[in-house]
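Single-structure report; data block below.
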Amino acid sequence: MFSEGLRTSIVVISDRVENGHRPSEKPFDAAPRKLLVSEPAPSVVGGYLERLPLTAIRCGLVEFAEIWHHSIEHGSFQEDTPQLARRIFPLSHDTAPFHSETMLDFIRMHGAPRILCIWGLGVSEAMLDACRDSIIIYNSIDAPALRVPPEVSRHFDIVLTGAEWQSDLVHERHPDMITAIMPIGPEFASPQTFFPTGDPKQYDIIYVAAAQAYKRHDVLFDAMARATRRLTGLCVMGYGEDAAALRQRAHDLDITVDFIDPPGVPYAEVNRLMNAARVGVVCGVEDGAPAIITEYMLAGLPVVANADLACGLQYILPETGIAAPADSFEQAIIAAIDHPERFSPREAVLARWAWPHTAGRFESLIAEAIAKKSRTADRQGASFEPAA
């Protein structure tokens with residue numbers, strides 16, 4: 001059974017570009033499915049790409065969700081659940097903002113989604129123009145507030161930011177833009193995905209971060225080398241090109257670190273590994289508000305974060321962790337290890353940032369954007385009817 005298209009959906013387009021994946025049995029442009037009324041509401045689980053769209057379904061804003069990536073080769077399609085599917089579209093060119101003629105053809109054939117989310121490096125203006133009747137939401141994921149040119153960002157209805165300074169920069173470019181400090185990773189936290197297991201602790205520290213320079217593994221490694229006692233660490237790297245160099249750096253410093261190399265492990269295994277550690281760390285500076293901040297916390301770990309982190313320090317409270325400068329990072333780590341009784345990180349997230357708390361704010365943003373587009377259409381003598 002198939003729907004009239006994407007009009008009752010939320011679509012998330014990430015800036016991930018797949019390389020070398022296998023094509024699926026179903027074509028990437030397979031028609032969207034129509035949900036049966038009897039389908040139960042989905043659980044809000046998974047990573048930062050999944051949790052916002054699943055929240056939108058739980059709120060009743062949409063019926064189903066799709067997550068789209070790009071590929072330099074062939075496309076693919078898979079259905080995770082009746083409510084969540086994934087597509088990979090071949091790129092027309094491999095420079096950002098990305099453009100895929102096949103993606104544009106798919107929109108022309110099946111219509112625009114009710115809500116379109118653009119993460120990271122963005123898509124072409126032609127794609128956004130084809131979705132002019134959608135509510136278009138942008139989040140840069142990383143520290144720059146806007147990672148797209150003005151001719152692209154002018155099409156956005158809502159920009160989600162990770163800190164007030166980012167919202168200020170958005171308003172410098174687009175004074176009337178609707179913004180909200182609602183970084184999609186930590187704000188749509190999933191207690192069902194990350195939770196304490198009670199397993200024995202094998203490591204003092206865990207760092208779940210890409211093997212890339214901006215994640216600043218050097219801050220952790222140098223701190224471990226300076227520490228007044230030998231600390232044990234685990235680095236889990238989902239992607240990135242620096243894994244070998246990081247291994248060599250740890251060897252040269254004679255510190256005790258185990259590594260899990262890209263492409264990483266499933267979320268259930270990430271949760272198990274976090275439970276094997278006493279403290280989670282976030283070492284970056286020019287980084288967004290990483291999803292891992294509240295994921296550590298939901299697993300019961302206090303977080304030691306770089307005090308110079310550009311976005312996300314609002315989640316470091318006395319009961320959730322410590323923000324420390326790089327040159328005394330080891331002191332904060334040891335304090336967090338030695339005094340677990342000071343922290344109640346999971347309880348803090350459940351009370352403030354788990355997805356049910358953010359859901360109401362997100363619904364209000366959508367309503368505000370619909371009202372604004374309707375007023376603009378009225379002034380122009382046109383009509384605006386959001387996809388539904």
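Here, A, B, ... name the chains of the structure tokens in the order displayed, residue numbers run from 1 inside each chain, and ligands are numbered from 1 in the same displayed order.
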
Exercise. Counting only C-alpha atoms, what is within 12 Å of Arg33 (chain A), bar same-chain residues fewer than 5 positions away, as a VMD selection string?
Worked result: chain A and resid 1 to 9 63 to 66 78 to 79 81 to 85 110

For this session: Using only C-alpha atoms, determine which residues lie at most 8 Å from Ile260 (chain A), disregarding the query and same-chain residues fewer than 6 positions distant; provide the list as a PyMOL selection string.
Result: chain A and resi 234-237

Next, write the just-selected residues to a file, as a PDB file, in the first residue's frame, keeping C-alpha atoms as the atom set.
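Result file is out02.pdb:
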ATOM      1  CA  LEU A 234      38.998   3.565  25.464  1.00  0.00           C
ATOM      2  CA  CYS A 235      38.521   5.482  22.212  1.00  0.00           C
ATOM      3  CA  VAL A 236      35.550   4.497  20.045  1.00  0.00           C
ATOM      4  CA  MET A 237      35.806   5.970  16.556  1.00  0.00           C
TER       5      MET A 237
END

Any chance you could tabulate, as CSV, the residues of region 295-378 of chain A at most 10 Å from region 38-60 of chain A with each one's nearest atom pair and distance in Å to one decimal, using only C-alpha atoms, in chain and rising number order?
residue,atom,partner,partner_atom,distance
A:Glu295,CA,A:Gly47,CA,9.4
A:Trp355,CA,A:Thr55,CA,7.0
A:Pro356,CA,A:Thr55,CA,7.9
A:Thr358,CA,A:Thr55,CA,8.9
A:Ala359,CA,A:Thr55,CA,6.5
A:Gly360,CA,A:Cys59,CA,8.2
A:Phe362,CA,A:Ala56,CA,8.3
A:Glu363,CA,A:Cys59,CA,7.5

For the residues in that selection, give me C-alpha atoms as an mmCIF file, in the first residue's frame.
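Saved result, part_5.cif, follows:
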data_model
loop_
_atom_site.group_PDB
_atom_site.id
_atom_site.type_symbol
_atom_site.label_atom_id
_atom_site.label_comp_id
_atom_site.auth_asym_id
_atom_site.auth_seq_id
_atom_site.Cartn_x
_atom_site.Cartn_y
_atom_site.Cartn_z
ATOM 1 C CA GLU A 295 24.378 9.905 25.803
ATOM 2 C CA TRP A 355 13.208 13.872 24.001
ATOM 3 C CA PRO A 356 9.769 14.217 25.705
ATOM 4 C CA THR A 358 12.113 18.833 23.737
ATOM 5 C CA ALA A 359 9.049 17.550 21.868
ATOM 6 C CA GLY A 360 6.765 20.352 23.067
ATOM 7 C CA PHE A 362 9.720 21.487 18.730
ATOM 8 C CA GLU A 363 5.961 21.431 18.100
#

For this session: Please give the complete set of residues from region 32-200 of chain A that DSSP, run on the backbone, assigns to alpha helix (DSSP H), formatted as a VMD selection string.
Result: chain A and resid 48 to 58 101 to 110 125 to 130 150 to 153 164 to 173 184 to 187

For N, CA and C atoms, I'd like the residues from the last selection saved as a compact mmCIF listing (two decimals), in the first residue's frame.
# COMPACT_ATOMS: atom_id res chain seq x y z
N TYR A 48 21.67 10.56 16.55
CA TYR A 48 21.13 11.91 16.38
C TYR A 48 20.33 12.07 15.10
N LEU A 49 20.60 11.24 14.09
CA LEU A 49 19.84 11.35 12.85
C LEU A 49 18.42 10.81 13.01
N GLU A 50 18.24 9.82 13.85
CA GLU A 50 16.95 9.17 13.99
C GLU A 50 16.02 9.83 15.00
N ARG A 51 16.56 10.38 16.06
CA ARG A 51 15.73 10.70 17.22
C ARG A 51 14.79 11.88 16.99
N LEU A 52 15.23 12.91 16.27
CA LEU A 52 14.31 14.02 16.00
C LEU A 52 13.15 13.58 15.11
N PRO A 53 13.38 12.91 13.97
CA PRO A 53 12.23 12.49 13.16
C PRO A 53 11.29 11.53 13.89
N LEU A 54 11.82 10.63 14.70
CA LEU A 54 10.95 9.73 15.45
C LEU A 54 10.14 10.50 16.49
N THR A 55 10.73 11.54 17.07
CA THR A 55 9.98 12.40 17.98
C THR A 55 8.84 13.08 17.25
N ALA A 56 9.09 13.54 16.02
CA ALA A 56 8.05 14.20 15.23
C ALA A 56 6.88 13.26 14.97
N ILE A 57 7.16 11.98 14.76
CA ILE A 57 6.08 11.01 14.59
C ILE A 57 5.31 10.85 15.90
N ARG A 58 6.04 10.73 17.01
CA ARG A 58 5.38 10.56 18.31
C ARG A 58 4.51 11.76 18.65
N GLU A 101 20.48 15.33 -8.83
CA GLU A 101 19.37 15.45 -9.76
C GLU A 101 18.35 14.33 -9.53
N THR A 102 18.84 13.16 -9.10
CA THR A 102 17.91 12.06 -8.82
C THR A 102 17.06 12.36 -7.58
N MET A 103 17.63 13.03 -6.61
CA MET A 103 16.86 13.43 -5.45
C MET A 103 15.81 14.45 -5.84
N LEU A 104 16.20 15.39 -6.67
CA LEU A 104 15.26 16.40 -7.14
C LEU A 104 14.12 15.77 -7.94
N ASP A 105 14.45 14.80 -8.78
CA ASP A 105 13.42 14.08 -9.54
C ASP A 105 12.47 13.34 -8.60
N PHE A 106 13.00 12.79 -7.53
CA PHE A 106 12.17 12.07 -6.56
C PHE A 106 11.16 13.00 -5.91
N ILE A 107 11.61 14.21 -5.55
CA ILE A 107 10.70 15.21 -4.97
C ILE A 107 9.63 15.60 -5.99
N ARG A 108 10.04 15.80 -7.22
CA ARG A 108 9.06 16.17 -8.25
C ARG A 108 8.01 15.08 -8.44
N MET A 109 8.42 13.83 -8.27
CA MET A 109 7.50 12.72 -8.49
C MET A 109 6.58 12.49 -7.29
N HIS A 110 7.14 12.59 -6.07
CA HIS A 110 6.39 12.20 -4.87
C HIS A 110 6.00 13.38 -3.98
N GLU A 125 20.23 25.06 -3.74
CA GLU A 125 19.07 25.94 -3.71
C GLU A 125 17.92 25.36 -4.54
N ALA A 126 18.24 24.66 -5.61
CA ALA A 126 17.19 24.05 -6.43
C ALA A 126 16.38 23.04 -5.63
N MET A 127 17.05 22.29 -4.77
CA MET A 127 16.36 21.31 -3.94
C MET A 127 15.43 22.01 -2.95
N LEU A 128 15.90 23.06 -2.33
CA LEU A 128 15.08 23.78 -1.35
C LEU A 128 13.92 24.50 -2.03
N ASP A 129 14.14 25.02 -3.21
CA ASP A 129 13.06 25.68 -3.93
C ASP A 129 11.96 24.68 -4.27
N ALA A 130 12.34 23.44 -4.57
CA ALA A 130 11.35 22.41 -4.86
C ALA A 130 10.54 22.04 -3.62
N PRO A 150 24.48 32.21 1.74
CA PRO A 150 23.21 32.92 1.97
C PRO A 150 22.10 32.54 1.00
N GLU A 151 22.44 32.24 -0.25
CA GLU A 151 21.39 31.89 -1.21
C GLU A 151 20.72 30.56 -0.85
N VAL A 152 21.38 29.76 -0.04
CA VAL A 152 20.77 28.53 0.47
C VAL A 152 20.06 28.80 1.78
N SER A 153 20.72 29.47 2.72
CA SER A 153 20.13 29.66 4.05
C SER A 153 18.89 30.54 4.02
N GLU A 164 23.88 30.47 22.23
CA GLU A 164 23.32 31.79 21.93
C GLU A 164 24.16 32.53 20.90
N TRP A 165 25.49 32.38 20.96
CA TRP A 165 26.33 33.09 19.99
C TRP A 165 26.04 32.62 18.57
N GLN A 166 25.66 31.36 18.41
CA GLN A 166 25.29 30.88 17.07
C GLN A 166 23.99 31.53 16.60
N SER A 167 23.01 31.63 17.49
CA SER A 167 21.76 32.30 17.12
C SER A 167 22.01 33.74 16.71
N ASP A 168 22.91 34.41 17.43
CA ASP A 168 23.24 35.80 17.10
C ASP A 168 23.82 35.90 15.68
N LEU A 169 24.70 34.95 15.32
CA LEU A 169 25.29 34.97 13.98
C LEU A 169 24.24 34.71 12.90
N VAL A 170 23.30 33.83 13.18
CA VAL A 170 22.22 33.58 12.22
C VAL A 170 21.43 34.85 12.00
N HIS A 171 21.11 35.57 13.08
CA HIS A 171 20.31 36.79 12.96
C HIS A 171 21.08 37.92 12.29
N GLU A 172 22.39 37.89 12.35
CA GLU A 172 23.17 38.88 11.60
C GLU A 172 22.95 38.71 10.10
N ARG A 173 22.83 37.47 9.64
CA ARG A 173 22.60 37.21 8.22
C ARG A 173 21.12 37.30 7.87
N ILE A 184 20.40 19.08 17.98
CA ILE A 184 19.58 17.89 17.81
C ILE A 184 20.14 16.68 18.55
N GLY A 185 21.47 16.62 18.74
CA GLY A 185 22.03 15.46 19.42
C GLY A 185 21.66 15.39 20.89
N PRO A 186 22.12 16.33 21.69
CA PRO A 186 21.84 16.26 23.13
C PRO A 186 20.39 16.54 23.51
N GLU A 187 19.68 17.36 22.73
CA GLU A 187 18.33 17.75 23.13
C GLU A 187 17.30 16.64 22.89

Exercise. Restricting the calculation to only C-alpha atoms, which member of A:Leu365, A:Gly238, A:Ser24, A:Phe89 is positioned closest to Gln212 (chain A)?
Worked result: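 The shortest atom-to-atom distance to Gln212 (chain A) comes from A:Gly238.
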
Exercise. A:Leu220, A:His251, A:His69, A:Ile10: which is nearest Ile136 (chain A), counting only C-alpha atoms?
Worked result: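 Distance minimum relative to Ile136 (chain A) lands on A:Ile10.
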